[in-house]
file query.cif (mmCIF, C-alpha atoms)
data_my_file
loop_
_atom_site.label_atom_id
_atom_site.label_comp_id
_atom_site.auth_asym_id
_atom_site.auth_seq_id
_atom_site.Cartn_x
_atom_site.Cartn_y
_atom_site.Cartn_z
CA MET A 154 98.48 -65.21 41.40
CA ILE A 155 95.78 -67.18 39.58
CA ASN A 156 98.32 -68.83 37.24
CA ASN A 157 99.95 -70.55 40.22
CA PHE A 158 96.71 -72.31 41.14
CA TYR A 159 94.78 -75.03 39.34
CA THR A 160 91.86 -73.82 37.26
CA ALA A 161 88.34 -75.10 38.06
CA ASP A 162 88.64 -77.59 35.18
CA GLU A 163 92.06 -78.78 36.38
CA LEU A 164 90.72 -79.23 39.92
CA LYS A 165 88.06 -81.60 38.57
CA GLN A 166 90.83 -83.70 37.00
CA LEU A 167 92.63 -84.21 40.33
CA GLY A 168 90.20 -86.98 41.30
CA LEU A 169 89.17 -85.50 44.64
CA LYS A 170 86.20 -87.15 46.38
CA ARG A 171 84.40 -83.80 46.48
CA ILE A 172 85.39 -80.18 45.87
CA GLY A 173 83.47 -76.98 46.51
CA LYS A 174 83.44 -73.57 44.87
CA ASN A 175 86.07 -70.84 45.00
CA VAL A 176 88.88 -73.29 45.74
CA PHE A 177 92.51 -72.41 45.06
CA ILE A 178 95.08 -75.20 45.23
CA SER A 179 98.65 -74.48 44.24
CA LYS A 180 100.02 -76.45 41.33
CA LYS A 181 103.01 -77.09 43.62
CA CYS A 182 100.86 -78.88 46.22
CA SER A 183 101.34 -82.66 46.49
CA ILE A 184 98.15 -84.70 46.76
CA TYR A 185 98.13 -88.40 47.62
CA GLN A 186 94.96 -90.52 47.72
CA PRO A 187 92.78 -87.76 46.21
CA GLU A 188 89.76 -90.07 46.28
CA GLU A 189 89.83 -89.74 50.10
CA ILE A 190 89.91 -85.91 50.15
CA VAL A 191 86.87 -83.63 50.53
CA ILE A 192 87.32 -79.87 50.16
CA GLY A 193 84.57 -77.35 50.88
CA ASN A 194 84.00 -73.83 49.57
CA ASN A 195 86.37 -70.88 49.80
CA VAL A 196 89.53 -72.88 50.48
CA ARG A 197 93.11 -71.96 49.60
CA ILE A 198 96.04 -74.37 49.79
CA ASP A 199 99.43 -72.84 49.08
CA ASP A 200 102.75 -74.00 47.58
CA PHE A 201 104.47 -77.17 48.78
CA ALA A 202 101.62 -78.34 50.99
CA ILE A 203 101.21 -82.12 51.27
CA LEU A 204 97.76 -83.69 51.54
CA SER A 205 97.83 -87.44 52.15
CA GLY A 206 95.05 -89.71 53.36
CA LYS A 207 91.49 -89.21 54.56
CA ILE A 208 91.05 -85.43 54.75
CA HIS A 209 87.90 -83.33 55.13
CA ILE A 210 88.41 -79.57 54.82
CA LYS A 211 85.30 -77.48 55.39
CA ASP A 212 84.62 -73.86 54.29
CA TYR A 213 86.76 -70.69 54.53
CA VAL A 214 90.02 -72.50 55.26
CA HIS A 215 93.58 -71.44 54.47
CA ILE A 216 96.46 -73.92 54.51
CA ALA A 217 99.70 -72.00 54.10
CA ALA A 218 102.90 -72.99 52.32
CA PHE A 219 104.85 -76.07 53.42
CA CYS A 220 102.05 -77.51 55.59
CA ALA A 221 101.68 -81.29 55.69
CA LEU A 222 98.56 -83.28 56.54
CA TYR A 223 99.40 -86.96 57.04
CA ALA A 224 95.89 -88.31 57.48
CA LYS A 225 96.12 -92.11 57.59
CA ASN A 226 93.51 -92.10 60.40
CA GLY A 227 91.74 -88.96 59.25
CA VAL A 228 92.08 -85.19 59.55
CA GLU A 229 89.08 -82.88 59.70
CA ILE A 230 89.46 -79.11 59.46
CA GLY A 231 86.40 -77.04 60.36
CA ASN A 232 85.05 -73.77 59.01
CA PHE A 233 87.15 -70.59 59.27
CA CYS A 234 90.34 -72.43 60.27
CA GLY A 235 93.90 -71.64 59.34
CA LEU A 236 97.24 -73.40 59.34
CA SER A 237 100.21 -71.02 59.22
CA PRO A 238 103.33 -71.96 57.21
CA ARG A 239 105.12 -75.23 57.98
CA CYS A 240 102.46 -76.77 60.23
CA THR A 241 102.34 -80.56 60.29
CA ILE A 242 99.41 -82.74 61.32
CA PHE A 243 99.98 -86.44 62.01
CA SER A 244 97.04 -88.80 62.48
CA ALA A 245 99.41 -91.77 62.85
CA SER A 246 102.80 -92.31 64.46
CA ASP A 247 105.38 -95.06 64.48
CA ASP A 248 106.50 -96.88 67.63
CA PHE A 249 110.03 -95.60 68.30
CA SER A 250 110.71 -97.94 71.26
CA GLY A 251 112.94 -100.21 69.19
CA ALA A 252 110.51 -103.10 69.49
CA TYR A 253 109.34 -102.52 65.90
CA MET A 254 110.71 -101.37 62.58
CA ILE A 255 110.01 -97.88 61.27
CA SER A 256 109.43 -97.19 57.58
CA PRO A 257 106.61 -97.25 55.07
CA MET A 258 108.81 -99.65 53.10
CA VAL A 259 108.87 -102.29 55.88
CA PRO A 260 106.08 -104.92 55.81
CA GLU A 261 103.21 -103.89 58.11
CA GLU A 262 103.58 -106.91 60.42
CA PHE A 263 107.00 -105.60 61.54
CA THR A 264 105.74 -102.10 62.40
CA ASN A 265 103.46 -100.70 65.09
CA VAL A 266 101.78 -97.62 63.68
CA VAL A 267 99.25 -96.14 66.09
CA GLY A 268 97.10 -93.03 66.08
CA GLY A 269 93.69 -91.53 65.69
CA GLU A 270 91.77 -88.82 63.90
CA VAL A 271 92.81 -85.19 64.30
CA ILE A 272 89.95 -82.70 64.42
CA LEU A 273 90.18 -78.93 64.19
CA GLN A 274 86.74 -77.60 65.01
CA ASP A 275 85.52 -74.27 63.62
CA TYR A 276 87.61 -71.08 64.09
CA VAL A 277 90.84 -72.88 65.05
CA GLN A 278 94.15 -71.19 64.18
CA ILE A 279 97.50 -72.95 64.36
CA GLY A 280 100.73 -70.91 64.39
CA ALA A 281 103.71 -71.39 62.09
CA SER A 282 105.84 -74.54 62.42
CA SER A 283 103.49 -76.14 64.93
CA ILE A 284 102.99 -79.90 65.09
CA ILE A 285 99.75 -81.71 65.95
CA MET A 286 100.04 -85.35 66.99
CA PRO A 287 97.45 -88.12 66.46
CA ASN A 288 94.13 -88.41 68.27
CA VAL A 289 93.88 -84.71 69.15
CA THR A 290 90.88 -82.39 68.98
CA CYS A 291 91.38 -78.64 68.85
CA PHE A 292 88.00 -77.49 70.10
CA GLN A 293 86.11 -74.51 68.65
CA GLY A 294 88.05 -71.26 68.59
CA SER A 295 91.27 -72.60 70.08
CA ALA A 296 94.53 -71.09 68.87
CA CYS A 297 98.16 -72.05 69.20
CA GLY A 298 101.27 -69.90 68.85
CA ALA A 299 104.18 -70.59 66.52
CA PHE A 300 106.43 -73.60 67.15
CA SER A 301 103.90 -75.31 69.43
CA PHE A 302 103.78 -79.07 69.98
CA ILE A 303 100.16 -80.13 70.34
CA ASN A 304 99.82 -83.62 71.79
CA LYS A 305 96.64 -83.12 73.85
CA ASN A 306 93.21 -81.64 73.17
CA LEU A 307 92.94 -77.85 73.14
CA ASP A 308 90.06 -76.23 75.05
CA SER A 309 87.57 -73.99 73.24
CA TRP A 310 88.41 -70.30 72.89
CA THR A 311 91.78 -70.67 74.58
CA ILE A 312 95.23 -69.61 73.34
CA TYR A 313 98.13 -72.03 73.77
CA LYS A 314 101.85 -71.95 73.08
CA GLY A 315 105.00 -73.94 73.72
CA ILE A 316 106.49 -77.41 73.74
CA PRO A 317 104.28 -79.06 74.79
CA ALA A 318 101.48 -76.55 74.21
CA LYS A 319 100.25 -74.97 77.43
CA LYS A 320 97.27 -72.70 78.13
CA MET A 321 98.13 -69.03 78.09
CA LYS A 322 94.84 -67.11 78.15
CA LEU A 323 91.31 -67.03 76.81
CA ARG A 324 90.65 -65.98 73.21
CA SER A 325 88.07 -63.40 72.20
CA LYS A 326 84.92 -64.59 70.45
CA ASN A 327 84.46 -61.30 68.55
CA LEU A 328 85.30 -63.03 65.27
CA LEU A 329 81.99 -64.87 65.47
CA ASN A 330 80.27 -61.59 64.58
CA TYR A 331 82.27 -61.34 61.35
CA ALA A 332 81.59 -64.97 60.42
CA LYS A 333 77.83 -64.30 60.48
CA ASP A 334 78.31 -61.50 57.92
CA ILE A 335 80.43 -63.69 55.62
CA GLN A 336 78.11 -66.67 55.51
#

call {"tool": "encode", "arguments": {"input": "query.cif", "output": "structure tokens"}}
result
Amino acid sequence: MINNFYTADELKQLGLKRIGKNVFISKKCSIYQPEEIVIGNNVRIDDFAILSGKIHIKDYVHIAAFCALYAKNGVEIGNFCGLSPRCTIFSASDDFSGAYMISPMVPEEFTNVVGGEVILQDYVQIGASSIIMPNVTCFQGSACGAFSFINKNLDSWTIYKGIPAKKMKLRSKNLLNYAKDIQ
């Protein structure tokens, strides 16, 4: 397993703004604008993940294979969070009305990219193949089932699922006891 991840020396060469200890980033991960990326301690980022833009990942975070963080307007991931495989976070979105062009190759004055920071507070878990749209906060302990479309804030310690994501039930806070033992 270790051979698939950058060594500590190789991580230093990536040009990240800041990187903590016990960090495992797959050599198959794509990193754009590394000078804008901060990674805390005890973080693992798996194969084929894409990190692009202003990203702050705190401690004890797992980003599974094929996740994409498009962080033009910023993405913050709190402590003890997880993104299951194929999750995508967008902090910006094009205007699809037809009034503007859509493409990173089109001059900016002909596009209308809008958005806002995406924040996952501590203990947030996002299920496989879920999508988070711009300007959303997933408050502490919220969780979302697989294939969810998250376009509004998620309440603390609540489980969501669906397209769009809807409240299903409250989430247990028992995991907070374990977190105290780990830290």

call {"tool": "residues_around", "arguments": {"input": "query.cif", "residues": "Ile216 of chain A", "least_positions_apart": "3", "cutoff": "8 Å", "atoms": "all atoms listed in the file", "output": "list in words"}}
result
Arg197, Ile198, Asp199, Ala202, Cys220, Gly235, Leu236, Ser237 and Pro238 of chain A

call {"tool": "resolve_selection", "arguments": {"input": "query.cif", "expression": "the PyMOL selection byres ((chain A and resi 289) around 9)", "output": "MDAnalysis selection string"}}
result
chainID A and resid 244 269:273 285:288 290:291 303:307

call {"tool": "residues_around", "arguments": {"input": "query.cif", "residues": "Gly206 of chain A", "least_positions_apart": "6", "cutoff": "12 Å", "atoms": "only C-alpha atoms", "output": "number ranges by chain"}}
result
A: 169-170, 183-191, 221-229, 242-245, 270

call {"tool": "write_last_selection", "arguments": {"input": "query.cif", "atoms": "C-alpha atoms", "output": "PDB file, keeping the file's coordinate frame"}}
result
ATOM      1  CA  LEU A 169      89.170 -85.500  44.640  1.00  0.00           C
ATOM      2  CA  LYS A 170      86.200 -87.150  46.380  1.00  0.00           C
ATOM      3  CA  SER A 183     101.340 -82.660  46.490  1.00  0.00           C
ATOM      4  CA  ILE A 184      98.150 -84.700  46.760  1.00  0.00           C
ATOM      5  CA  TYR A 185      98.130 -88.400  47.620  1.00  0.00           C
ATOM      6  CA  GLN A 186      94.960 -90.520  47.720  1.00  0.00           C
ATOM      7  CA  PRO A 187      92.780 -87.760  46.210  1.00  0.00           C
ATOM      8  CA  GLU A 188      89.760 -90.070  46.280  1.00  0.00           C
ATOM      9  CA  GLU A 189      89.830 -89.740  50.100  1.00  0.00           C
ATOM     10  CA  ILE A 190      89.910 -85.910  50.150  1.00  0.00           C
ATOM     11  CA  VAL A 191      86.870 -83.630  50.530  1.00  0.00           C
ATOM     12  CA  ALA A 221     101.680 -81.290  55.690  1.00  0.00           C
ATOM     13  CA  LEU A 222      98.560 -83.280  56.540  1.00  0.00           C
ATOM     14  CA  TYR A 223      99.400 -86.960  57.040  1.00  0.00           C
ATOM     15  CA  ALA A 224      95.890 -88.310  57.480  1.00  0.00           C
ATOM     16  CA  LYS A 225      96.120 -92.110  57.590  1.00  0.00           C
ATOM     17  CA  ASN A 226      93.510 -92.100  60.400  1.00  0.00           C
ATOM     18  CA  GLY A 227      91.740 -88.960  59.250  1.00  0.00           C
ATOM     19  CA  VAL A 228      92.080 -85.190  59.550  1.00  0.00           C
ATOM     20  CA  GLU A 229      89.080 -82.880  59.700  1.00  0.00           C
ATOM     21  CA  ILE A 242      99.410 -82.740  61.320  1.00  0.00           C
ATOM     22  CA  PHE A 243      99.980 -86.440  62.010  1.00  0.00           C
ATOM     23  CA  SER A 244      97.040 -88.800  62.480  1.00  0.00           C
ATOM     24  CA  ALA A 245      99.410 -91.770  62.850  1.00  0.00           C
ATOM     25  CA  GLU A 270      91.770 -88.820  63.900  1.00  0.00           C
TER      26      GLU A 270
END

call {"tool": "closest_residue", "arguments": {"input": "query.cif", "among": "A:Asn232, A:Thr264, A:Asn195, A:Asn175", "to": "Ser246 of chain A", "atoms": "all atoms listed in the file"}}
result
A:Thr264

call {"tool": "residues_around", "arguments": {"input": "query.cif", "residues": "Asp200 of chain A", "least_positions_apart": "5", "cutoff": "7 Å", "atoms": "all atoms listed in the file", "output": "compact mmCIF listing (two decimals) with C-alpha atoms, in the coordinates of the input"}}
result
# COMPACT_ATOMS: atom_id res chain seq x y z
CA SER A 179 98.65 -74.48 44.24
CA LYS A 181 103.01 -77.09 43.62
CA CYS A 182 100.86 -78.88 46.22
CA ALA A 218 102.90 -72.99 52.32
CA PHE A 219 104.85 -76.07 53.42

call {"tool": "closest_residue", "arguments": {"input": "query.cif", "among": "A:Ile178, A:Val267, A:Val277, A:Ala332", "to": "Trp310 of chain A", "atoms": "all atoms listed in the file"}}
result
A:Val277

call {"tool": "residues_around", "arguments": {"input": "query.cif", "residues": "Ile312 of chain A", "least_positions_apart": "5", "cutoff": "9 Å", "atoms": "all atoms listed in the file", "output": "PyMOL selection string"}}
result
chain A and resi 294-298+307+319-324

call {"tool": "atom_distance", "arguments": {"input": "query.cif", "atom1": "atom CA of Ala299 of chain A", "atom2": "atom CA of Ser282 of chain A"}}
result
5.9 Å

call {"tool": "residues_around", "arguments": {"input": "query.cif", "residues": "Asp247 of chain A", "least_positions_apart": "6", "cutoff": "9 Å", "atoms": "all atoms listed in the file", "output": "list in words"}}
result
Tyr253, Met254, Ile255, Ser256, Thr264, Asn265, Val266, Val267 and Gly268 of chain A

call {"tool": "closest_residue", "arguments": {"input": "query.cif", "among": "A:Ile335, A:Val176, A:Ile284, A:Ile230", "to": "Pro317 of chain A", "atoms": "all atoms listed in the file"}}
result
A:Ile284

call {"tool": "atom_distance", "arguments": {"input": "query.cif", "atom1": "atom CA of Gln278 of chain A", "atom2": "atom CA of Tyr159 of chain A"}}
result
25.1 Å

call {"tool": "residues_near_point", "arguments": {"input": "query.cif", "point": "(96.0, -74.3, 36.8)", "cutoff": "12 Å", "atoms": "all atoms listed in the file", "output": "VMD selection string"}}
result
chain A and resid 154 to 167 176 to 182

call {"tool": "atom_distance", "arguments": {"input": "query.cif", "atom1": "atom CA of Val196 of chain A", "atom2": "atom CA of Val214 of chain A"}}
result
4.8 Å

call {"tool": "closest_residue", "arguments": {"input": "query.cif", "among": "A:Phe302, A:Tyr313, A:Phe263, A:Phe233", "to": "Tyr213 of chain A", "atoms": "all atoms listed in the file"}}
result
A:Phe233

call {"tool": "build_atoms", "arguments": {"input": "query.cif", "residues": "segment 221-233 of chain A", "atoms": "N, CA, C and O atoms", "output": "PDB file, in the coordinates of the input"}}
result
ATOM      1  N   ALA A 221     101.837 -79.878  56.044  1.00  0.00           N
ATOM      2  CA  ALA A 221     101.680 -81.290  55.690  1.00  0.00           C
ATOM      3  C   ALA A 221     100.577 -81.905  56.536  1.00  0.00           C
ATOM      4  O   ALA A 221     100.575 -81.757  57.759  1.00  0.00           O
ATOM      5  N   LEU A 222      99.628 -82.565  55.869  1.00  0.00           N
ATOM      6  CA  LEU A 222      98.560 -83.280  56.540  1.00  0.00           C
ATOM      7  C   LEU A 222      98.722 -84.760  56.219  1.00  0.00           C
ATOM      8  O   LEU A 222      98.445 -85.199  55.107  1.00  0.00           O
ATOM      9  N   TYR A 223      99.218 -85.520  57.197  1.00  0.00           N
ATOM     10  CA  TYR A 223      99.400 -86.960  57.040  1.00  0.00           C
ATOM     11  C   TYR A 223      98.218 -87.626  57.732  1.00  0.00           C
ATOM     12  O   TYR A 223      98.199 -87.788  58.947  1.00  0.00           O
ATOM     13  N   ALA A 224      97.212 -87.987  56.950  1.00  0.00           N
ATOM     14  CA  ALA A 224      95.890 -88.310  57.480  1.00  0.00           C
ATOM     15  C   ALA A 224      95.520 -89.788  57.336  1.00  0.00           C
ATOM     16  O   ALA A 224      94.410 -90.112  56.949  1.00  0.00           O
ATOM     17  N   LYS A 225      96.427 -90.677  57.673  1.00  0.00           N
ATOM     18  CA  LYS A 225      96.120 -92.110  57.590  1.00  0.00           C
ATOM     19  C   LYS A 225      94.852 -92.445  58.374  1.00  0.00           C
ATOM     20  O   LYS A 225      94.018 -93.215  57.929  1.00  0.00           O
ATOM     21  N   ASN A 226      94.691 -91.854  59.563  1.00  0.00           N
ATOM     22  CA  ASN A 226      93.510 -92.100  60.400  1.00  0.00           C
ATOM     23  C   ASN A 226      92.504 -90.966  60.352  1.00  0.00           C
ATOM     24  O   ASN A 226      91.580 -90.927  61.149  1.00  0.00           O
ATOM     25  N   GLY A 227      92.698 -90.034  59.457  1.00  0.00           N
ATOM     26  CA  GLY A 227      91.740 -88.960  59.250  1.00  0.00           C
ATOM     27  C   GLY A 227      92.136 -87.631  59.855  1.00  0.00           C
ATOM     28  O   GLY A 227      92.657 -87.580  60.965  1.00  0.00           O
ATOM     29  N   VAL A 228      91.912 -86.571  59.091  1.00  0.00           N
ATOM     30  CA  VAL A 228      92.080 -85.190  59.550  1.00  0.00           C
ATOM     31  C   VAL A 228      90.852 -84.421  59.089  1.00  0.00           C
ATOM     32  O   VAL A 228      90.493 -84.485  57.911  1.00  0.00           O
ATOM     33  N   GLU A 229      90.209 -83.728  60.023  1.00  0.00           N
ATOM     34  CA  GLU A 229      89.080 -82.880  59.700  1.00  0.00           C
ATOM     35  C   GLU A 229      89.401 -81.447  60.113  1.00  0.00           C
ATOM     36  O   GLU A 229      89.813 -81.220  61.253  1.00  0.00           O
ATOM     37  N   ILE A 230      89.209 -80.519  59.189  1.00  0.00           N
ATOM     38  CA  ILE A 230      89.460 -79.110  59.460  1.00  0.00           C
ATOM     39  C   ILE A 230      88.148 -78.359  59.281  1.00  0.00           C
ATOM     40  O   ILE A 230      87.565 -78.369  58.202  1.00  0.00           O
ATOM     41  N   GLY A 231      87.693 -77.709  60.353  1.00  0.00           N
ATOM     42  CA  GLY A 231      86.400 -77.040  60.360  1.00  0.00           C
ATOM     43  C   GLY A 231      86.396 -75.709  59.628  1.00  0.00           C
ATOM     44  O   GLY A 231      87.407 -75.269  59.060  1.00  0.00           O
ATOM     45  N   ASN A 232      85.249 -75.051  59.670  1.00  0.00           N
ATOM     46  CA  ASN A 232      85.050 -73.770  59.010  1.00  0.00           C
ATOM     47  C   ASN A 232      85.904 -72.673  59.653  1.00  0.00           C
ATOM     48  O   ASN A 232      86.097 -72.664  60.869  1.00  0.00           O
ATOM     49  N   PHE A 233      86.390 -71.760  58.821  1.00  0.00           N
ATOM     50  CA  PHE A 233      87.150 -70.590  59.270  1.00  0.00           C
ATOM     51  C   PHE A 233      88.413 -70.966  60.042  1.00  0.00           C
ATOM     52  O   PHE A 233      88.778 -70.291  61.006  1.00  0.00           O
TER      53      PHE A 233
END
